[in-house]
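Have a look at the structure below before the remarks.
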Amino acid sequence: MPEVSLFRLYLLRAMYLLIAVGLAFTVWPSILAPSSSVANANTVIRSLLGALAVMALLGLRYPLQMLPILLFELLWKLIWVLAFALRMWRDTGLDDYASETLFACMMGVVLVPIVMPWRYVFTRYFGAPGDRWRN
C-alpha cells in the first residue's frame, strides 16, 4: 500500500471539515427545526446530507478509512453537474437555485480531486483483492 504523506492527510482532514461545517450551516438547521412536518423529497435529501456531515466528522480522525465519503461527494456532484446543470444551462438557463447549487457542486468537483490521494485509492480499491464471496 502506498504511503500517504502527513500533508495529504491534513488536506483530507481539511476537506472533511469543509464538508461537515458547510452542511452544519446549510442543512442541520432545517433538520433540527423543520419548517413543516410533511415528508417529501427535500426531507430525504436533508437527512442524507445530514448523515454525510456526521460521517465527514469521522474523516477528521480516520481520513483514509473515510475516503469513500469523498468519492461519494465527488460522484454525486459530478453526476448532478453533467446530467442536470449542463442541460438546464443549455436549454433554459440556470435559475437562482441551480446557480447556487452549481457553484457548491463545482467546489467539490474541483477540490476533492486535488486532495484525493489517487495512487492510494487505485491501489486500495482497484488493485487489492476484494473480500471473499463465500466461506
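Letters A, B, ... mark the chains of the C-alpha cells in the order given; residue numbers begin at 1 per chain; ligand numbers begin at 1, in order shown.
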Residue neighbourhood A:Ala24, 8 Å, only C-alpha atoms, exclusion window fewer than 4 positions, as number ranges by chain: A: 20, 28-29, 50, 53
Long-range neighbours of A:Met55 as a ChimeraX atom specification, 8 Å cut-off, only C-alpha atoms, 3 positions minimum in chain: /A:51-52,58-59,66,69
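Atom CA of A:Leu64 lies 18.2 Å from atom CA of A:Asp131.
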Non-local contacts of A:Ile31 (9 Å; only C-alpha atoms; under 5 positions in same chain excluded) as a PyMOL selection string: chain A and resi 43+46-47+50
Shell of 12 Å around stretch 3-19 of chain A, only C-alpha atoms, local chain residues under 5 positions omitted, as a VMD selection string: chain A and resid 24 to 27 49 to 71 73 to 74 104 to 105 107 to 108 110 to 121 123 to 124
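The space separating atom CA of A:Ser37 from atom CA of A:Gly22 comes to 24.2 Å.
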Every residue of chain A that DSSP places in alpha helix (DSSP H), as JSON, numbers by chain: {"A": [6, 7, 8, 9, 10, 11, 12, 13, 14, 15, 16, 17, 18, 19, 20, 21, 22, 23, 24, 25, 26, 28, 29, 30, 31, 32, 41, 42, 43, 44, 45, 46, 47, 48, 49, 50, 51, 52, 53, 54, 55, 56, 57, 58, 59, 60, 61, 67, 68, 69, 70, 71, 72, 73, 74, 75, 76, 77, 78, 79, 80, 86, 87, 88, 89, 90, 91, 96, 97, 98, 99, 100, 101, 102, 103, 104, 105, 106, 107, 108, 109, 110, 111, 112, 113, 114, 115, 118, 119, 120, 121]}
